[in-house]
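Source file: data_37.cif. Holds: mmCIF, C-alpha atoms.
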```cif
data_input
loop_
_atom_site.group_PDB
_atom_site.id
_atom_site.type_symbol
_atom_site.label_atom_id
_atom_site.label_comp_id
_atom_site.auth_asym_id
_atom_site.auth_seq_id
_atom_site.Cartn_x
_atom_site.Cartn_y
_atom_site.Cartn_z
ATOM 1 C CA MET U 1 -18.931 12.655 -98.021
ATOM 2 C CA THR U 2 -19.991 10.058 -95.424
ATOM 3 C CA ASN U 3 -19.304 6.333 -95.769
ATOM 4 C CA GLU U 4 -22.990 5.736 -96.429
ATOM 5 C CA GLU U 5 -23.016 8.284 -99.269
ATOM 6 C CA LYS U 6 -19.882 6.717 -100.784
ATOM 7 C CA ALA U 7 -21.449 3.250 -100.630
ATOM 8 C CA VAL U 8 -24.771 4.433 -102.077
ATOM 9 C CA ASN U 9 -23.039 6.233 -104.972
ATOM 10 C CA ALA U 10 -20.971 3.117 -105.726
ATOM 11 C CA THR U 11 -24.165 1.032 -105.781
ATOM 12 C CA TYR U 12 -25.906 3.442 -108.172
ATOM 13 C CA PHE U 13 -22.835 3.173 -110.396
ATOM 14 C CA SER U 14 -23.212 -0.631 -110.372
ATOM 15 C CA ILE U 15 -26.936 -0.519 -111.154
ATOM 16 C CA ILE U 16 -26.538 1.833 -114.139
ATOM 17 C CA GLY U 17 -23.506 -0.044 -115.487
ATOM 18 C CA ASN U 18 -25.125 -3.483 -115.170
ATOM 19 C CA THR U 19 -28.323 -2.292 -116.852
ATOM 20 C CA CYS U 20 -26.413 -0.971 -119.876
ATOM 21 C CA LEU U 21 -24.227 -4.072 -120.106
ATOM 22 C CA ALA U 22 -27.176 -6.487 -119.829
ATOM 23 C CA VAL U 23 -28.772 -4.849 -122.877
ATOM 24 C CA ILE U 24 -25.497 -4.738 -124.852
ATOM 25 C CA LYS U 25 -24.632 -8.364 -124.067
ATOM 26 C CA GLY U 26 -28.132 -9.612 -124.824
ATOM 27 C CA LEU U 27 -28.263 -7.901 -128.211
ATOM 28 C CA ALA U 28 -24.695 -8.865 -129.150
ATOM 29 C CA GLY U 29 -25.285 -12.463 -128.063
ATOM 30 C CA TYR U 30 -28.544 -12.771 -130.015
ATOM 31 C CA PHE U 31 -27.339 -11.181 -133.253
ATOM 32 C CA GLY U 32 -23.807 -12.570 -132.877
ATOM 33 C CA ASN U 33 -24.983 -16.134 -132.265
ATOM 34 C CA SER U 34 -23.006 -16.378 -129.010
ATOM 35 C CA TYR U 35 -24.574 -18.351 -126.181
ATOM 36 C CA ALA U 36 -21.705 -17.363 -123.892
ATOM 37 C CA LEU U 37 -22.658 -13.701 -124.352
ATOM 38 C CA ILE U 38 -26.305 -14.495 -123.686
ATOM 39 C CA ALA U 39 -25.223 -16.275 -120.486
ATOM 40 C CA ASP U 40 -23.233 -13.152 -119.652
ATOM 41 C CA ALA U 41 -26.364 -11.054 -120.172
ATOM 42 C CA ILE U 42 -28.271 -13.311 -117.759
ATOM 43 C CA GLU U 43 -25.626 -12.738 -115.100
ATOM 44 C CA SER U 44 -25.671 -8.968 -115.641
ATOM 45 C CA THR U 45 -29.466 -8.993 -115.279
ATOM 46 C CA SER U 46 -29.184 -10.790 -111.933
ATOM 47 C CA ASP U 47 -26.482 -8.273 -110.975
ATOM 48 C CA ILE U 48 -29.011 -5.451 -111.379
ATOM 49 C CA PHE U 49 -31.324 -7.021 -108.802
ATOM 50 C CA SER U 50 -28.466 -7.887 -106.462
ATOM 51 C CA SER U 51 -27.191 -4.294 -106.640
ATOM 52 C CA LEU U 52 -30.692 -3.079 -105.754
ATOM 53 C CA LEU U 53 -30.575 -5.399 -102.746
ATOM 54 C CA VAL U 54 -27.184 -3.984 -101.774
ATOM 55 C CA LEU U 55 -28.599 -0.460 -102.037
ATOM 56 C CA PHE U 56 -31.491 -1.398 -99.750
ATOM 57 C CA GLY U 57 -29.132 -3.123 -97.309
ATOM 58 C CA ILE U 58 -26.772 -0.147 -97.078
ATOM 59 C CA LYS U 59 -29.582 2.339 -96.501
ATOM 60 C CA TYR U 60 -31.399 0.146 -93.981
ATOM 61 C CA SER U 61 -28.276 -0.863 -92.042
ATOM 62 C CA ASN U 62 -27.344 2.796 -91.547
ATOM 63 C CA ARG U 63 -30.631 3.695 -89.884
ATOM 64 C CA PRO U 64 -30.033 5.017 -86.354
ATOM 65 C CA ALA U 65 -30.588 2.907 -83.256
ATOM 66 C CA ASP U 66 -34.114 2.832 -81.854
ATOM 67 C CA LYS U 67 -36.022 1.266 -78.971
ATOM 68 C CA ASN U 68 -36.242 -2.152 -80.635
ATOM 69 C CA HIS U 69 -32.722 -2.018 -82.122
ATOM 70 C CA PRO U 70 -30.459 -0.407 -79.492
ATOM 71 C CA TYR U 71 -27.337 -1.467 -81.401
ATOM 72 C CA GLY U 72 -28.635 -0.121 -84.722
ATOM 73 C CA HIS U 73 -29.617 -1.995 -87.872
ATOM 74 C CA GLY U 74 -26.141 -2.910 -89.146
ATOM 75 C CA ARG U 75 -26.730 -6.671 -89.165
ATOM 76 C CA ALA U 76 -29.041 -6.167 -92.143
ATOM 77 C CA GLU U 77 -25.953 -5.777 -94.326
ATOM 78 C CA PRO U 78 -24.533 -9.325 -94.023
ATOM 79 C CA LEU U 79 -28.084 -10.663 -94.416
ATOM 80 C CA VAL U 80 -28.310 -8.796 -97.722
ATOM 81 C CA THR U 81 -24.890 -10.231 -98.622
ATOM 82 C CA PHE U 82 -26.389 -13.720 -98.212
ATOM 83 C CA LEU U 83 -29.156 -12.775 -100.655
ATOM 84 C CA VAL U 84 -26.579 -11.417 -103.114
ATOM 85 C CA VAL U 85 -24.682 -14.719 -102.874
ATOM 86 C CA GLY U 86 -27.990 -16.458 -103.596
ATOM 87 C CA PHE U 87 -28.300 -14.428 -106.802
ATOM 88 C CA LEU U 88 -24.757 -15.380 -107.760
ATOM 89 C CA ILE U 89 -25.407 -19.079 -107.201
ATOM 90 C CA THR U 90 -28.676 -18.896 -109.152
ATOM 91 C CA SER U 91 -26.865 -17.173 -112.034
ATOM 92 C CA ALA U 92 -24.161 -19.854 -112.032
ATOM 93 C CA VAL U 93 -26.731 -22.668 -112.103
ATOM 94 C CA VAL U 94 -28.723 -21.047 -114.938
ATOM 95 C CA ILE U 95 -25.554 -20.438 -116.965
ATOM 96 C CA ALA U 96 -24.358 -24.011 -116.395
ATOM 97 C CA TYR U 97 -27.729 -25.466 -117.410
ATOM 98 C CA GLU U 98 -27.988 -23.321 -120.550
ATOM 99 C CA SER U 99 -24.379 -24.125 -121.479
ATOM 100 C CA ILE U 100 -24.951 -27.881 -121.223
ATOM 101 C CA GLU U 101 -28.129 -27.588 -123.300
ATOM 102 C CA ASN U 102 -26.305 -25.569 -125.971
ATOM 103 C CA ILE U 103 -23.376 -28.014 -126.050
ATOM 104 C CA ARG U 104 -25.843 -30.785 -126.850
ATOM 105 C CA THR U 105 -27.584 -28.687 -129.535
ATOM 106 C CA PRO U 106 -25.784 -28.086 -132.875
ATOM 107 C CA HIS U 107 -25.569 -24.404 -133.781
ATOM 108 C CA ALA U 108 -23.658 -21.995 -136.002
ATOM 109 C CA LEU U 109 -20.340 -20.329 -135.174
ATOM 110 C CA PRO U 110 -20.417 -17.041 -133.223
ATOM 111 C CA LYS U 111 -19.921 -13.840 -135.231
ATOM 112 C CA PRO U 112 -16.436 -12.219 -135.076
ATOM 113 C CA PHE U 113 -17.796 -8.829 -133.973
ATOM 114 C CA THR U 114 -18.747 -10.350 -130.594
ATOM 115 C CA LEU U 115 -15.046 -10.383 -129.682
ATOM 116 C CA PHE U 116 -14.886 -6.591 -129.851
ATOM 117 C CA VAL U 117 -17.981 -6.318 -127.677
ATOM 118 C CA LEU U 118 -16.446 -8.699 -125.130
ATOM 119 C CA ALA U 119 -13.127 -6.853 -125.081
ATOM 120 C CA GLY U 120 -14.920 -3.631 -124.151
ATOM 121 C CA ILE U 121 -17.002 -5.418 -121.509
ATOM 122 C CA ILE U 122 -13.925 -7.004 -119.904
ATOM 123 C CA ILE U 123 -12.158 -3.657 -119.611
ATOM 124 C CA TRP U 124 -15.230 -1.906 -118.227
ATOM 125 C CA LYS U 125 -15.992 -4.668 -115.709
ATOM 126 C CA GLU U 126 -12.441 -4.753 -114.371
ATOM 127 C CA ILE U 127 -12.494 -0.962 -113.951
ATOM 128 C CA SER U 128 -15.873 -1.279 -112.195
ATOM 129 C CA PHE U 129 -14.493 -3.958 -109.866
ATOM 130 C CA ARG U 130 -11.528 -1.828 -108.859
ATOM 131 C CA LEU U 131 -13.693 1.251 -108.234
ATOM 132 C CA VAL U 132 -16.313 -0.573 -106.163
ATOM 133 C CA ILE U 133 -13.836 -2.708 -104.175
ATOM 134 C CA LYS U 134 -11.975 0.499 -103.274
ATOM 135 C CA LYS U 135 -15.208 1.995 -101.951
ATOM 136 C CA SER U 136 -16.023 -1.194 -100.039
ATOM 137 C CA ILE U 137 -12.650 -0.975 -98.262
ATOM 138 C CA GLU U 138 -13.124 2.739 -97.530
ATOM 139 C CA THR U 139 -16.621 2.214 -96.134
ATOM 140 C CA ASN U 140 -16.011 -1.199 -94.496
ATOM 141 C CA SER U 141 -19.110 -2.552 -96.263
ATOM 142 C CA SER U 142 -19.435 -6.331 -96.712
ATOM 143 C CA SER U 143 -22.405 -6.072 -99.097
ATOM 144 C CA LEU U 144 -20.555 -3.547 -101.272
ATOM 145 C CA LYS U 145 -17.621 -5.965 -101.363
ATOM 146 C CA ALA U 146 -20.016 -8.643 -102.627
ATOM 147 C CA ASP U 147 -21.238 -6.215 -105.285
ATOM 148 C CA ALA U 148 -17.630 -5.549 -106.339
ATOM 149 C CA TRP U 149 -17.007 -9.278 -106.744
ATOM 150 C CA HIS U 150 -20.062 -9.426 -108.950
ATOM 151 C CA HIS U 151 -18.154 -7.153 -111.326
ATOM 152 C CA ARG U 152 -15.044 -9.358 -111.131
ATOM 153 C CA SER U 153 -17.140 -12.513 -111.744
ATOM 154 C CA ASP U 154 -18.717 -10.807 -114.739
ATOM 155 C CA ALA U 155 -15.269 -9.924 -116.069
ATOM 156 C CA ILE U 156 -14.091 -13.535 -115.668
ATOM 157 C CA THR U 157 -17.227 -14.812 -117.418
ATOM 158 C CA SER U 158 -16.521 -12.438 -120.296
ATOM 159 C CA VAL U 159 -12.866 -13.527 -120.467
ATOM 160 C CA ALA U 160 -14.003 -17.163 -120.679
ATOM 161 C CA ALA U 161 -16.489 -16.234 -123.413
ATOM 162 C CA PHE U 162 -13.747 -14.340 -125.292
ATOM 163 C CA ILE U 163 -11.469 -17.398 -125.186
ATOM 164 C CA GLY U 164 -14.305 -19.710 -126.212
ATOM 165 C CA ILE U 165 -15.426 -17.588 -129.148
ATOM 166 C CA THR U 166 -11.829 -17.088 -130.314
ATOM 167 C CA THR U 167 -11.277 -20.855 -130.197
ATOM 168 C CA ALA U 168 -14.482 -21.506 -132.133
ATOM 169 C CA LEU U 169 -13.608 -18.938 -134.831
ATOM 170 C CA ILE U 170 -10.001 -20.109 -135.246
ATOM 171 C CA LEU U 171 -10.708 -23.860 -135.297
ATOM 172 C CA GLY U 172 -13.933 -23.492 -137.274
ATOM 173 C CA LYS U 173 -16.548 -26.163 -137.955
ATOM 174 C CA GLY U 174 -16.828 -28.760 -135.223
ATOM 175 C CA TYR U 175 -15.874 -26.288 -132.492
ATOM 176 C CA GLU U 176 -19.086 -24.266 -132.454
ATOM 177 C CA SER U 177 -19.698 -25.151 -128.817
ATOM 178 C CA ALA U 178 -16.347 -23.798 -127.590
ATOM 179 C CA ASP U 179 -17.978 -20.665 -126.179
ATOM 180 C CA ASP U 180 -20.567 -22.845 -124.425
ATOM 181 C CA TRP U 181 -17.784 -24.760 -122.695
ATOM 182 C CA ALA U 182 -16.295 -21.405 -121.745
ATOM 183 C CA ALA U 183 -19.601 -20.338 -120.193
ATOM 184 C CA LEU U 184 -19.760 -23.636 -118.276
ATOM 185 C CA PHE U 185 -16.268 -23.015 -116.889
ATOM 186 C CA ALA U 186 -17.271 -19.478 -115.909
ATOM 187 C CA SER U 187 -20.258 -20.811 -113.924
ATOM 188 C CA GLY U 188 -17.880 -22.887 -111.801
ATOM 189 C CA PHE U 189 -15.747 -19.817 -111.116
ATOM 190 C CA ILE U 190 -18.840 -17.851 -110.091
ATOM 191 C CA LEU U 191 -19.743 -20.576 -107.578
ATOM 192 C CA TYR U 192 -16.233 -20.405 -106.102
ATOM 193 C CA ASN U 193 -16.476 -16.616 -105.759
ATOM 194 C CA SER U 194 -19.861 -17.062 -104.086
ATOM 195 C CA TYR U 195 -18.165 -18.983 -101.296
ATOM 196 C CA LEU U 196 -15.456 -16.318 -100.926
ATOM 197 C CA ILE U 197 -18.155 -13.662 -100.479
ATOM 198 C CA PHE U 198 -20.332 -15.797 -98.194
ATOM 199 C CA ARG U 199 -17.606 -16.805 -95.724
ATOM 200 C CA PRO U 200 -16.749 -13.357 -94.224
ATOM 201 C CA ALA U 201 -20.433 -12.385 -94.065
ATOM 202 C CA LEU U 202 -21.107 -15.584 -92.086
ATOM 203 C CA GLY U 203 -18.243 -14.677 -89.749
ATOM 204 C CA GLU U 204 -19.815 -11.268 -89.207
ATOM 205 C CA ILE U 205 -23.199 -12.767 -88.305
ATOM 206 C CA MET U 206 -21.551 -15.316 -85.975
ATOM 207 C CA ASP U 207 -19.395 -12.667 -84.227
ATOM 208 C CA GLU U 208 -16.235 -14.455 -85.314
ATOM 209 C CA ASN U 209 -12.965 -13.129 -83.864
ATOM 210 C CA ILE U 210 -11.342 -11.786 -87.042
ATOM 211 C CA TYR U 211 -10.311 -8.266 -86.034
ATOM 212 C CA ASP U 212 -6.801 -8.731 -84.603
ATOM 213 C CA ASP U 213 -5.424 -5.588 -86.279
ATOM 214 C CA LEU U 214 -8.212 -3.444 -84.856
ATOM 215 C CA ILE U 215 -7.715 -4.957 -81.384
ATOM 216 C CA GLU U 216 -4.025 -4.057 -81.589
ATOM 217 C CA ASP U 217 -4.915 -0.454 -82.506
ATOM 218 C CA ILE U 218 -7.384 -0.214 -79.619
ATOM 219 C CA ARG U 219 -4.795 -1.482 -77.108
ATOM 220 C CA ARG U 220 -2.171 0.933 -78.448
ATOM 221 C CA ILE U 221 -4.471 3.982 -78.348
ATOM 222 C CA SER U 222 -5.734 3.065 -74.857
ATOM 223 C CA LEU U 223 -2.228 3.374 -73.424
ATOM 224 C CA THR U 224 -2.030 6.981 -74.655
ATOM 225 C CA VAL U 225 -4.820 7.976 -72.235
ATOM 226 C CA GLU U 226 -3.323 9.213 -68.972
ATOM 227 C CA GLY U 227 -4.446 6.975 -66.117
ATOM 228 C CA ILE U 228 -5.064 3.877 -68.258
ATOM 229 C CA LEU U 229 -2.377 1.378 -67.246
ATOM 230 C CA GLY U 230 -3.262 -1.407 -69.637
ATOM 231 C CA THR U 231 -6.010 -3.465 -71.271
ATOM 232 C CA GLU U 232 -7.236 -7.008 -70.768
ATOM 233 C CA LYS U 233 -10.194 -8.427 -72.684
ATOM 234 C CA CYS U 234 -11.042 -6.754 -75.974
ATOM 235 C CA LEU U 235 -13.998 -8.220 -77.865
ATOM 236 C CA ILE U 236 -15.195 -6.837 -81.211
ATOM 237 C CA ARG U 237 -18.343 -7.373 -83.248
ATOM 238 C CA LYS U 238 -19.070 -5.869 -86.643
ATOM 239 C CA SER U 239 -22.474 -4.382 -87.386
ATOM 240 C CA GLY U 240 -22.832 -2.996 -90.895
ATOM 241 C CA MET U 241 -20.017 -0.514 -91.472
ATOM 242 C CA LYS U 242 -19.418 -0.019 -87.727
ATOM 243 C CA TYR U 243 -17.870 -1.926 -84.832
ATOM 244 C CA LEU U 244 -19.172 -2.720 -81.348
ATOM 245 C CA VAL U 245 -16.391 -3.052 -78.751
ATOM 246 C CA ASP U 246 -16.230 -4.545 -75.246
ATOM 247 C CA LEU U 247 -13.016 -3.501 -73.529
ATOM 248 C CA HIS U 248 -11.547 -4.191 -70.083
ATOM 249 C CA ALA U 249 -9.117 -1.412 -69.056
ATOM 250 C CA THR U 250 -6.877 -1.474 -65.982
ATOM 251 C CA VAL U 251 -6.410 1.570 -63.720
ATOM 252 C CA ASP U 252 -4.780 2.304 -60.356
ATOM 253 C CA ALA U 253 -6.691 0.318 -57.715
ATOM 254 C CA SER U 254 -6.531 3.209 -55.219
ATOM 255 C CA ILE U 255 -8.552 5.743 -57.255
ATOM 256 C CA SER U 256 -12.227 6.429 -56.515
ATOM 257 C CA VAL U 257 -15.184 5.032 -58.459
ATOM 258 C CA LYS U 258 -15.836 8.535 -59.792
ATOM 259 C CA GLN U 259 -12.252 8.855 -61.073
ATOM 260 C CA GLY U 260 -12.539 5.446 -62.727
ATOM 261 C CA HIS U 261 -15.796 6.562 -64.364
ATOM 262 C CA ILE U 262 -14.120 9.724 -65.700
ATOM 263 C CA LEU U 263 -11.208 7.679 -67.089
ATOM 264 C CA ALA U 264 -13.603 5.324 -68.843
ATOM 265 C CA HIS U 265 -15.259 8.276 -70.600
ATOM 266 C CA LYS U 266 -11.895 9.740 -71.590
ATOM 267 C CA LEU U 267 -10.853 6.394 -73.024
ATOM 268 C CA LYS U 268 -14.115 6.033 -74.927
ATOM 269 C CA ASP U 269 -13.841 9.535 -76.394
ATOM 270 C CA ARG U 270 -10.210 8.974 -77.438
ATOM 271 C CA LEU U 271 -10.961 5.652 -79.146
ATOM 272 C CA GLN U 272 -13.952 7.010 -81.061
ATOM 273 C CA MET U 273 -11.954 10.056 -82.123
ATOM 274 C CA GLU U 274 -9.034 7.923 -83.373
ATOM 275 C CA ILE U 275 -11.200 5.135 -84.853
ATOM 276 C CA PRO U 276 -14.505 6.682 -86.092
ATOM 277 C CA GLU U 277 -15.737 3.262 -87.270
ATOM 278 C CA ILE U 278 -16.340 2.320 -83.617
ATOM 279 C CA GLU U 279 -20.017 2.978 -82.936
ATOM 280 C CA PHE U 280 -20.420 1.611 -79.394
ATOM 281 C CA ILE U 281 -17.830 0.936 -76.682
ATOM 282 C CA LEU U 282 -18.548 -0.758 -73.385
ATOM 283 C CA ILE U 283 -15.593 -0.204 -71.038
ATOM 284 C CA HIS U 284 -15.144 -2.249 -67.862
ATOM 285 C CA ILE U 285 -12.631 -0.829 -65.379
ATOM 286 C CA GLU U 286 -10.270 -3.346 -63.721
ATOM 287 C CA PRO U 287 -8.097 -2.493 -60.668
ATOM 288 C CA PHE U 288 -4.335 -2.776 -61.181
ATOM 289 C CA GLU U 289 -2.513 -3.723 -57.965
#
```
What would you get if you wrote out this structure as structure tokens?
Amino acid sequence: MTNEEKAVNATYFSIIGNTCLAVIKGLAGYFGNSYALIADAIESTSDIFSSLLVLFGIKYSNRPADKNHPYGHGRAEPLVTFLVVGFLITSAVVIAYESIENIRTPHALPKPFTLFVLAGIIIWKEISFRLVIKKSIETNSSSLKADAWHHRSDAITSVAAFIGITTALILGKGYESADDWAALFASGFILYNSYLIFRPALGEIMDENIYDDLIEDIRRISLTVEGILGTEKCLIRKSGMKYLVDLHATVDASISVKQGHILAHKLKDRLQMEIPEIEFILIHIEPFE
């Protein structure tokens, strides 16, 4: 299975799971008199649309290079990540607003059965996070990582709701708004996670130098190619799930241009064989004297 197929399957998993959970949370929140659960349902609904965006981003970013996009379409993925972060921020603002309104409005205590619903949601969301984050690491997908953190944010929101509802039920009358305060706290956590997702995607768009481990691997593998005496500059950009590399390699100054050209191709082939995530490599030959 290719990285694209893994990422697409993980996104379909997110879409189906979020759709089911949005319905369950909405119904449980309405009949269980829990505004925290209703806020949770709002977030899950936004997660459906963000997962659809991720799906589009993954498929579009993996389109092959063409005349107008000689380096491929990979930069679409961090752009989609920005949109996903926008959905997260919107969800947090809506939840915060609804929570404040509910805190100011007297209402009845949540129903005890909502705790069982939340417990199941928390377990499922944490499992979903671990599955999707694993796939994001395997595929090197920034938008899939954002989708995984949607699951973790949802789990945290549900944990806050669980604590709030438990507090309201134990302390009784006068603490009806405890789950609303929990939802308000959860909105702040979602905003914080939004920043954590946004920052690496911004670095990807800005070609930030954040690939020291990969540079070390490239330098190490280069020295295994007979005729390559060392490496100098090594610049890396990320485009979708792939990397674009500019590498300066040193060779014996006395060899011919043709021999240097052959060595450059050998080095390129070796690097792409050892590190399949490298899509393009531009190798500049430097004389070693």
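Taken over the whole file, the PyMOL selection byres ((chain U and resi 160) around 8) covers exactly Ile156, Thr157, Ser158, Val159, Ala161, Phe162, Ile163, Gly164, Asp179, Ala182, Ala183, Phe185 and Ala186 of chain U.
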message = Within 12 Å of (-23.5, -11.1, -88.6) in the file's own coordinates, which protein, DNA or RNA residues have an atom, counting only C-alpha atoms? List them as an NGL selection string.
response = :U and (61 or 73-82 or 142-143 or 198-209 or 236-244)
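Picture a line from atom CA of U:Ala7 to atom CA of U:Ile42; it runs 24.8 Å.
Using all atoms listed in the file, the protein and nucleic acid residues lying no more than 9 Å from U:Ser44, apart from those fewer than 6 places from it along its own chain, are Asn18, Thr19, Leu21, Ala22, Val23, Lys25, His150, His151 and Asp154 of chain U.
One finds atom CA of U:Phe189 at 11.4 Å from atom CA of U:Val93.
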task = Carefully work through the PyMOL selection byres ((chain U and resi 245-261) around 7) for this structure and note down the residues it includes, as a list in words.
result = Gly227, Ile228, Leu229, Gly230, Thr231, Glu232, Lys233, Cys234, Leu235, Ile236, Arg237, Tyr243, Leu244, Ile262, Leu263, Ala264, His265, Phe280, Ile281, Leu282, Ile283, His284, Ile285, Glu286, Pro287, Phe288 and Glu289 of chain U
Would you mind exporting C-alpha atoms of the selected residues as a PDB file, keeping the file's coordinate frame?
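Below you can see again-v5.pdb, which holds the result:
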```pdb
ATOM      1  CA  GLY U 227      -4.446   6.975 -66.117  1.00  0.00           C
ATOM      2  CA  ILE U 228      -5.064   3.877 -68.258  1.00  0.00           C
ATOM      3  CA  LEU U 229      -2.377   1.378 -67.246  1.00  0.00           C
ATOM      4  CA  GLY U 230      -3.262  -1.407 -69.637  1.00  0.00           C
ATOM      5  CA  THR U 231      -6.010  -3.465 -71.271  1.00  0.00           C
ATOM      6  CA  GLU U 232      -7.236  -7.008 -70.768  1.00  0.00           C
ATOM      7  CA  LYS U 233     -10.194  -8.427 -72.684  1.00  0.00           C
ATOM      8  CA  CYS U 234     -11.042  -6.754 -75.974  1.00  0.00           C
ATOM      9  CA  LEU U 235     -13.998  -8.220 -77.865  1.00  0.00           C
ATOM     10  CA  ILE U 236     -15.195  -6.837 -81.211  1.00  0.00           C
ATOM     11  CA  ARG U 237     -18.343  -7.373 -83.248  1.00  0.00           C
ATOM     12  CA  TYR U 243     -17.870  -1.926 -84.832  1.00  0.00           C
ATOM     13  CA  LEU U 244     -19.172  -2.720 -81.348  1.00  0.00           C
ATOM     14  CA  ILE U 262     -14.120   9.724 -65.700  1.00  0.00           C
ATOM     15  CA  LEU U 263     -11.208   7.679 -67.089  1.00  0.00           C
ATOM     16  CA  ALA U 264     -13.603   5.324 -68.843  1.00  0.00           C
ATOM     17  CA  HIS U 265     -15.259   8.276 -70.600  1.00  0.00           C
ATOM     18  CA  PHE U 280     -20.420   1.611 -79.394  1.00  0.00           C
ATOM     19  CA  ILE U 281     -17.830   0.936 -76.682  1.00  0.00           C
ATOM     20  CA  LEU U 282     -18.548  -0.758 -73.385  1.00  0.00           C
ATOM     21  CA  ILE U 283     -15.593  -0.204 -71.038  1.00  0.00           C
ATOM     22  CA  HIS U 284     -15.144  -2.249 -67.862  1.00  0.00           C
ATOM     23  CA  ILE U 285     -12.631  -0.829 -65.379  1.00  0.00           C
ATOM     24  CA  GLU U 286     -10.270  -3.346 -63.721  1.00  0.00           C
ATOM     25  CA  PRO U 287      -8.097  -2.493 -60.668  1.00  0.00           C
ATOM     26  CA  PHE U 288      -4.335  -2.776 -61.181  1.00  0.00           C
ATOM     27  CA  GLU U 289      -2.513  -3.723 -57.965  1.00  0.00           C
TER      28      GLU U 289
END
```
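Once the PyMOL selection byres ((chain U and resi 130) around 12) is applied to this file, the selection holds Ala10, Ser14, Ile123, Trp124, Lys125, Glu126, Ile127, Ser128, Phe129, Leu131, Val132, Ile133, Lys134, Lys135, Ser136, Ile137, Leu144, Lys145, Asp147, Ala148, Trp149, His150, His151, Arg152 and Ala155 of chain U.
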May I have a table of the residues of stretch 122-189 of chain U lying at most 8 Å from stretch 95-99 of chain U, giving each one's closest pair of atoms and their distance in Å to one decimal, counting only C-alpha atoms, ordered by chain and ascending residue number, as JSON lines?
```
{"residue": "U:Asp180", "atom": "CA", "partner": "U:Ser99", "partner_atom": "CA", "distance": 5.0}
{"residue": "U:Trp181", "atom": "CA", "partner": "U:Ser99", "partner_atom": "CA", "distance": 6.7}
{"residue": "U:Ala183", "atom": "CA", "partner": "U:Ser99", "partner_atom": "CA", "distance": 6.2}
{"residue": "U:Leu184", "atom": "CA", "partner": "U:Ala96", "partner_atom": "CA", "distance": 5.0}
{"residue": "U:Ser187", "atom": "CA", "partner": "U:Ala96", "partner_atom": "CA", "distance": 5.8}
```
Enclose the full set of atoms of stretch 112-122 of chain U listed in the file within a box whose edges lie along x, y and z, apply 8 Å of padding to each of the six sides, and report centre and edge lengths in Å to one decimal as lines of an AutoDock Vina configuration file.
```
center_x = -15.9
center_y = -7.9
center_z = -127.5
size_x = 21.6
size_y = 24.6
size_z = 31.2
```
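Relative to atom CA of U:Glu43, atom CA of U:Pro112 is found at 22.0 Å.
Minimum atom-to-atom distance to U:Leu169, evaluated using only C-alpha atoms, belongs to U:Pro110 out of U:Gly120, U:Gly188, U:Pro110, U:Gly72.
Minimum distance to U:Val85 across U:Ile170, U:Ile210, U:Leu27, U:Leu53 (counting all atoms listed in the file) occurs at U:Leu53.
If you measure from each of U:Ile218, U:Ala41, U:Ala146, U:Val225 to U:Pro276 using all atoms listed in the file, the closest one turns out to be U:Ile218.
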